[in-house]
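**Student:** Below you will find the structure I want to go over with you.
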Amino acid sequence: MGHTPPAARSRRSYDQFCAAARALDAVGDRWTLLIVRELLAGPRRYTDLHADLPGVSTDVLASRLKDMEREALTTRRRLPPPSAAYVYELTDRGRELLPVLQALATWGAPVLQERRPTDAVRAHWFALPLLRALSGLGVGGVLEVALGEGEFHVRLGDGIEVGGGSYGDGPAPTQPDARLVMDAETCVAVSGGVLTVGEGVRTGRVDLTGEGVLAKALRAS
């Protein structure tokens, strides 16, 4: 009586009574976690998601977003007038994937040695590993980062609302507490723990501006 017929099960299910398997049922499909990466920066329109996920087809992106709504990872809402656009955003459960993405970025950092000719890149893709690398500073504030590929910002410190966000594409919406200018390779080194911001400043690889507590902690690192 209580048995779920095979047709009613998720087509992706591993059908295993295991927490890891259940998690992969929800986020194990190709592109799903990268969509989460984009939405952790805040609500995004479909066109913005497609632009920042080079390589995904429109059909696959639409399918993944529907799957994520069904799994209660995302919601879709209409922007207030005069805009007629819809945006996708993470639910609380979706935002709980932040440490999962950070751990994956840390695990993958050692193989991010050089950019392949076929590799796409967006500046805000560096935000997650950098946010994790700088979490031990013990100070809070808004950090703006400028790379050759563009700018992004991260918010450090306790009490930051994840996804509201802990990071975002483009310049900080308010005056940042510190600003870093460096190339992508240096950002990878800092994010991977190979180089501290302070070491980068002292060797000329990082340009740091700011005089507050956050800037001083970065210089001393």
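Labels for the structure tokens follow display order: chains A, B, ..., residues from 1 in each chain, ligands from 1.
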Met182 in chain A: which residues within 8 Å, counting only C-alpha atoms, same-chain residues fewer than 2 positions away excluded, as JSON, numbers by chain?

**Tutor:** {"A": [145, 146, 147, 148, 180, 184, 186, 187, 205, 206, 207]}

**Student:** Give me a file of those residues, with C-alpha atoms, as a PDB file, in the first residue's frame.

**Tutor:**
```pdb
ATOM      1  CA  VAL A 145      38.268  42.820  -5.621  1.00  0.00           C
ATOM      2  CA  ALA A 146      39.317  43.902  -9.117  1.00  0.00           C
ATOM      3  CA  LEU A 147      40.771  41.403 -11.573  1.00  0.00           C
ATOM      4  CA  GLY A 148      41.524  41.788 -15.238  1.00  0.00           C
ATOM      5  CA  LEU A 180      42.283  44.593  -3.797  1.00  0.00           C
ATOM      6  CA  ALA A 184      43.567  36.011 -11.650  1.00  0.00           C
ATOM      7  CA  THR A 186      47.390  35.817  -7.784  1.00  0.00           C
ATOM      8  CA  CYS A 187      43.774  35.492  -6.678  1.00  0.00           C
ATOM      9  CA  ARG A 205      51.492  41.302  -6.715  1.00  0.00           C
ATOM     10  CA  VAL A 206      48.542  42.872  -4.880  1.00  0.00           C
ATOM     11  CA  ASP A 207      47.518  46.513  -4.648  1.00  0.00           C
TER      12      ASP A 207
END
```

**Student:** Using only C-alpha atoms, determine which residues lie at most 10 Å from Leu97 in chain A, disregarding the query and same-chain residues fewer than 2 positions distant; provide the list as a PyMOL selection string.

**Tutor:** chain A and resi 27+33+36-37+40+73+90+92-95+99-103+162

**Student:** How about saving the chosen residues, N, CA and C atoms kept, as a PDB file, in the first residue's frame?

**Tutor:**
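Output below, filename part.pdb:
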```pdb
ATOM      1  N   VAL A  27      21.137  17.412  -5.985  1.00  0.00           N
ATOM      2  CA  VAL A  27      22.087  18.369  -6.578  1.00  0.00           C
ATOM      3  C   VAL A  27      23.174  17.706  -7.418  1.00  0.00           C
ATOM      4  N   LEU A  33      24.897  22.442  -9.209  1.00  0.00           N
ATOM      5  CA  LEU A  33      25.683  23.154  -8.201  1.00  0.00           C
ATOM      6  C   LEU A  33      26.265  24.457  -8.744  1.00  0.00           C
ATOM      7  N   VAL A  36      23.621  26.940  -8.317  1.00  0.00           N
ATOM      8  CA  VAL A  36      23.646  27.353  -6.911  1.00  0.00           C
ATOM      9  C   VAL A  36      24.746  28.388  -6.695  1.00  0.00           C
ATOM     10  N   ARG A  37      25.932  28.149  -7.269  1.00  0.00           N
ATOM     11  CA  ARG A  37      27.039  29.108  -7.155  1.00  0.00           C
ATOM     12  C   ARG A  37      26.612  30.493  -7.608  1.00  0.00           C
ATOM     13  N   LEU A  40      23.952  32.044  -5.129  1.00  0.00           N
ATOM     14  CA  LEU A  40      24.457  32.428  -3.811  1.00  0.00           C
ATOM     15  C   LEU A  40      24.825  33.913  -3.767  1.00  0.00           C
ATOM     16  N   LEU A  73      14.899  24.017  -3.576  1.00  0.00           N
ATOM     17  CA  LEU A  73      16.188  24.694  -3.488  1.00  0.00           C
ATOM     18  C   LEU A  73      16.089  26.138  -3.970  1.00  0.00           C
ATOM     19  N   LEU A  90      17.590  31.479  -4.174  1.00  0.00           N
ATOM     20  CA  LEU A  90      17.688  30.289  -3.340  1.00  0.00           C
ATOM     21  C   LEU A  90      16.757  30.366  -2.146  1.00  0.00           C
ATOM     22  N   ASP A  92      16.079  28.935   1.861  1.00  0.00           N
ATOM     23  CA  ASP A  92      16.995  28.719   2.987  1.00  0.00           C
ATOM     24  C   ASP A  92      17.759  27.411   2.805  1.00  0.00           C
ATOM     25  N   ARG A  93      17.066  26.377   2.335  1.00  0.00           N
ATOM     26  CA  ARG A  93      17.738  25.090   2.129  1.00  0.00           C
ATOM     27  C   ARG A  93      18.775  25.198   1.016  1.00  0.00           C
ATOM     28  N   GLY A  94      18.479  25.943  -0.008  1.00  0.00           N
ATOM     29  CA  GLY A  94      19.443  26.142  -1.068  1.00  0.00           C
ATOM     30  C   GLY A  94      20.673  26.898  -0.596  1.00  0.00           C
ATOM     31  N   ARG A  95      20.465  27.893   0.272  1.00  0.00           N
ATOM     32  CA  ARG A  95      21.593  28.679   0.768  1.00  0.00           C
ATOM     33  C   ARG A  95      22.490  27.869   1.698  1.00  0.00           C
ATOM     34  N   PRO A  99      28.605  26.193   2.271  1.00  0.00           N
ATOM     35  CA  PRO A  99      29.837  25.492   2.677  1.00  0.00           C
ATOM     36  C   PRO A  99      30.173  24.308   1.785  1.00  0.00           C
ATOM     37  N   VAL A 100      29.171  23.712   1.147  1.00  0.00           N
ATOM     38  CA  VAL A 100      29.432  22.612   0.208  1.00  0.00           C
ATOM     39  C   VAL A 100      30.208  23.143  -0.992  1.00  0.00           C
ATOM     40  N   LEU A 101      29.776  24.269  -1.548  1.00  0.00           N
ATOM     41  CA  LEU A 101      30.478  24.862  -2.691  1.00  0.00           C
ATOM     42  C   LEU A 101      31.867  25.335  -2.293  1.00  0.00           C
ATOM     43  N   GLN A 102      31.991  25.883  -1.081  1.00  0.00           N
ATOM     44  CA  GLN A 102      33.309  26.333  -0.616  1.00  0.00           C
ATOM     45  C   GLN A 102      34.263  25.153  -0.466  1.00  0.00           C
ATOM     46  N   ALA A 103      33.756  24.055   0.093  1.00  0.00           N
ATOM     47  CA  ALA A 103      34.603  22.873   0.257  1.00  0.00           C
ATOM     48  C   ALA A 103      35.020  22.308  -1.099  1.00  0.00           C
ATOM     49  N   VAL A 162      23.804  34.868   4.233  1.00  0.00           N
ATOM     50  CA  VAL A 162      24.246  34.073   3.094  1.00  0.00           C
ATOM     51  C   VAL A 162      23.250  34.223   1.951  1.00  0.00           C
TER      52      VAL A 162
END
```

**Student:** Between A:Ala109, A:Ala19, A:Leu131, A:Met68, which one has atoms that come closest to Leu39 in chain A, using only C-alpha atoms?

**Tutor:**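 Comparing A:Ala109, A:Ala19, A:Leu131, A:Met68 against Leu39 in chain A, the winner is A:Met68.
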
**Student:** So how many Å separate CA of Arg122 in chain A and CA of Gly141 in chain A, to one decimal?

**Tutor:**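 It comes out at 22.9 Å.
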
**Student:** Going by DSSP on the backbone, which bits of range 119-188 of chain A are strand (DSSP E)? Write them as a PyMOL selection string, please.

**Tutor:** chain A and resi 141-147+150-156+167-169+178-181

**Student:** Pick out the residues sitting within 12 Å of Glu149 in chain A, and hand them over as a list of chain:residue names; count only C-alpha atoms, and ignore anything fewer than 6 positions along from it in its own chain.

**Tutor:**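 Final neighbour list, sorted by chain and number: A:Ala120, A:Val121, A:Arg122, A:Ala123, A:His124, A:Trp125, A:Phe126, A:Asp169, A:Gly170, A:Val181, A:Met182, A:Asp183, A:Ala184, A:Glu185, A:Cys187.
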
**Student:** Could you please take those selected residues and save N, CA and C atoms as a PDB file, in the first residue's frame?

**Tutor:**
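The new file part_0.pdb reads:
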```
ATOM      1  N   ALA A 120      36.315  29.265 -19.937  1.00  0.00           N
ATOM      2  CA  ALA A 120      35.647  30.545 -19.711  1.00  0.00           C
ATOM      3  C   ALA A 120      36.002  31.015 -18.305  1.00  0.00           C
ATOM      4  N   VAL A 121      35.841  32.292 -18.042  1.00  0.00           N
ATOM      5  CA  VAL A 121      36.117  32.805 -16.707  1.00  0.00           C
ATOM      6  C   VAL A 121      35.237  34.024 -16.437  1.00  0.00           C
ATOM      7  N   ARG A 122      34.766  34.116 -15.210  1.00  0.00           N
ATOM      8  CA  ARG A 122      34.045  35.282 -14.721  1.00  0.00           C
ATOM      9  C   ARG A 122      34.693  35.667 -13.400  1.00  0.00           C
ATOM     10  N   ALA A 123      34.842  36.935 -13.172  1.00  0.00           N
ATOM     11  CA  ALA A 123      35.535  37.388 -11.965  1.00  0.00           C
ATOM     12  C   ALA A 123      34.884  36.851 -10.696  1.00  0.00           C
ATOM     13  N   HIS A 124      33.548  36.845 -10.635  1.00  0.00           N
ATOM     14  CA  HIS A 124      32.886  36.458  -9.383  1.00  0.00           C
ATOM     15  C   HIS A 124      33.020  34.974  -9.077  1.00  0.00           C
ATOM     16  N   TRP A 125      33.526  34.169 -10.027  1.00  0.00           N
ATOM     17  CA  TRP A 125      33.776  32.759  -9.727  1.00  0.00           C
ATOM     18  C   TRP A 125      34.890  32.598  -8.696  1.00  0.00           C
ATOM     19  N   PHE A 126      35.712  33.624  -8.516  1.00  0.00           N
ATOM     20  CA  PHE A 126      36.795  33.570  -7.533  1.00  0.00           C
ATOM     21  C   PHE A 126      36.309  33.913  -6.125  1.00  0.00           C
ATOM     22  N   ASP A 169      28.522  39.953  -7.794  1.00  0.00           N
ATOM     23  CA  ASP A 169      29.216  40.349  -9.008  1.00  0.00           C
ATOM     24  C   ASP A 169      29.285  41.868  -9.074  1.00  0.00           C
ATOM     25  N   GLY A 170      30.375  42.384  -9.602  1.00  0.00           N
ATOM     26  CA  GLY A 170      30.516  43.817  -9.779  1.00  0.00           C
ATOM     27  C   GLY A 170      31.021  44.517  -8.533  1.00  0.00           C
ATOM     28  N   VAL A 181      43.457  44.882  -5.884  1.00  0.00           N
ATOM     29  CA  VAL A 181      43.635  44.799  -7.335  1.00  0.00           C
ATOM     30  C   VAL A 181      44.751  43.794  -7.580  1.00  0.00           C
ATOM     31  N   MET A 182      44.458  42.757  -8.366  1.00  0.00           N
ATOM     32  CA  MET A 182      45.442  41.711  -8.647  1.00  0.00           C
ATOM     33  C   MET A 182      45.015  40.962  -9.893  1.00  0.00           C
ATOM     34  N   ASP A 183      45.880  40.082 -10.384  1.00  0.00           N
ATOM     35  CA  ASP A 183      45.489  39.276 -11.527  1.00  0.00           C
ATOM     36  C   ASP A 183      44.869  37.964 -11.051  1.00  0.00           C
ATOM     37  N   ALA A 184      44.286  37.238 -12.000  1.00  0.00           N
ATOM     38  CA  ALA A 184      43.567  36.011 -11.650  1.00  0.00           C
ATOM     39  C   ALA A 184      44.480  34.973 -11.015  1.00  0.00           C
ATOM     40  N   GLU A 185      45.706  34.865 -11.513  1.00  0.00           N
ATOM     41  CA  GLU A 185      46.637  33.873 -10.966  1.00  0.00           C
ATOM     42  C   GLU A 185      46.958  34.162  -9.502  1.00  0.00           C
ATOM     43  N   CYS A 187      44.989  35.776  -7.441  1.00  0.00           N
ATOM     44  CA  CYS A 187      43.774  35.492  -6.678  1.00  0.00           C
ATOM     45  C   CYS A 187      43.646  34.002  -6.396  1.00  0.00           C
TER      46      CYS A 187
END
```

**Student:** Near Gly212 in chain A, counting only C-alpha atoms, which residues have an atom at most 8 Å away, once you skip same-chain residues fewer than 3 positions from it, shown as a list in words?

**Tutor:**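 The residues that qualify are Asp177, Ala178, Ala215 and Lys216 of chain A.
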
**Student:** Which residue, A:Trp31, A:Tyr88, A:Val213, A:Val201, has the smallest gap to Ser57 in chain A when you use only C-alpha atoms?

**Tutor:**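 Comparing A:Trp31, A:Tyr88, A:Val213, A:Val201 against Ser57 in chain A, the winner is A:Trp31.
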
**Student:** Can you work out which one of A:His50, A:Lys66, A:Arg45, A:Arg179 has the shortest atom-to-atom distance to Arg78 in chain A, counting only C-alpha atoms?

**Tutor:** A:Arg45

**Student:** To one decimal place, how far is CA of Glu96 in chain A from CA of Arg64 in chain A in Å?

**Tutor:** 18.2 Å

**Student:** Can you work out which one of A:Arg115, A:Arg70, A:Arg219, A:Arg44 has the shortest atom-to-atom distance to Ala85 in chain A, counting only C-alpha atoms?

**Tutor:**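 For Ala85 in chain A, the nearest of the candidates is A:Arg44.
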
**Student:** Which one of A:Thr106, A:Thr74, A:Thr91, A:Thr58 sits closest to Gly193 in chain A if you count only C-alpha atoms?

**Tutor:**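 Looking at the shortest contact to Gly193 in chain A, the residue is A:Thr106.
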
**Student:** Which residue out of A:Tyr14, A:Phe152, A:Tyr46, A:Tyr167 has the minimum interatomic distance to Val87 in chain A when only C-alpha atoms are used?

**Tutor:** A:Tyr46

**Student:** Extract the full set of alpha helix (DSSP H) residues from range 82-142 of chain A according to DSSP on the backbone, and format it as a compact mmCIF listing (two decimals) with N, CA and C atoms, in the first residue's frame.

**Tutor:**
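states_2.txt, freshly written:
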```txt
# COMPACT_ATOMS: atom_id res chain seq x y z
N ASP A 92 16.08 28.93 1.86
CA ASP A 92 16.99 28.72 2.99
C ASP A 92 17.76 27.41 2.80
N ARG A 93 17.07 26.38 2.33
CA ARG A 93 17.74 25.09 2.13
C ARG A 93 18.78 25.20 1.02
N GLY A 94 18.48 25.94 -0.01
CA GLY A 94 19.44 26.14 -1.07
C GLY A 94 20.67 26.90 -0.60
N ARG A 95 20.46 27.89 0.27
CA ARG A 95 21.59 28.68 0.77
C ARG A 95 22.49 27.87 1.70
N LEU A 98 26.13 26.71 0.67
CA LEU A 98 27.33 27.55 0.61
C LEU A 98 28.58 26.81 1.08
N PRO A 99 28.61 26.19 2.27
CA PRO A 99 29.84 25.49 2.68
C PRO A 99 30.17 24.31 1.78
N VAL A 100 29.17 23.71 1.15
CA VAL A 100 29.43 22.61 0.21
C VAL A 100 30.21 23.14 -0.99
N LEU A 101 29.78 24.27 -1.55
CA LEU A 101 30.48 24.86 -2.69
C LEU A 101 31.87 25.34 -2.29
N GLN A 102 31.99 25.88 -1.08
CA GLN A 102 33.31 26.33 -0.62
C GLN A 102 34.26 25.15 -0.47
N ALA A 103 33.76 24.06 0.09
CA ALA A 103 34.60 22.87 0.26
C ALA A 103 35.02 22.31 -1.10
N LEU A 104 34.11 22.29 -2.06
CA LEU A 104 34.45 21.81 -3.39
C LEU A 104 35.50 22.71 -4.04
N ALA A 105 35.36 24.02 -3.86
CA ALA A 105 36.33 24.95 -4.43
C ALA A 105 37.71 24.75 -3.80
N THR A 106 37.75 24.52 -2.50
CA THR A 106 39.02 24.28 -1.82
C THR A 106 39.65 22.98 -2.30
N TRP A 107 38.82 21.95 -2.44
CA TRP A 107 39.31 20.65 -2.90
C TRP A 107 39.84 20.74 -4.33
N GLY A 108 39.19 21.57 -5.16
CA GLY A 108 39.59 21.67 -6.55
C GLY A 108 40.72 22.66 -6.81
N ALA A 127 35.07 34.37 -6.00
CA ALA A 127 34.58 34.85 -4.71
C ALA A 127 34.47 33.75 -3.66
N LEU A 128 33.92 32.59 -4.04
CA LEU A 128 33.72 31.52 -3.05
C LEU A 128 35.01 31.06 -2.40
N PRO A 129 36.03 30.67 -3.18
CA PRO A 129 37.27 30.24 -2.51
C PRO A 129 37.96 31.36 -1.77
N LEU A 130 37.87 32.60 -2.27
CA LEU A 130 38.50 33.72 -1.56
C LEU A 130 37.79 33.99 -0.24
N LEU A 131 36.48 33.90 -0.25
CA LEU A 131 35.69 34.09 0.97
C LEU A 131 36.10 33.09 2.03
N ARG A 132 36.29 31.85 1.64
CA ARG A 132 36.70 30.81 2.59
C ARG A 132 38.12 31.06 3.08
N ALA A 133 39.01 31.46 2.17
CA ALA A 133 40.41 31.68 2.54
C ALA A 133 40.57 32.83 3.53
```
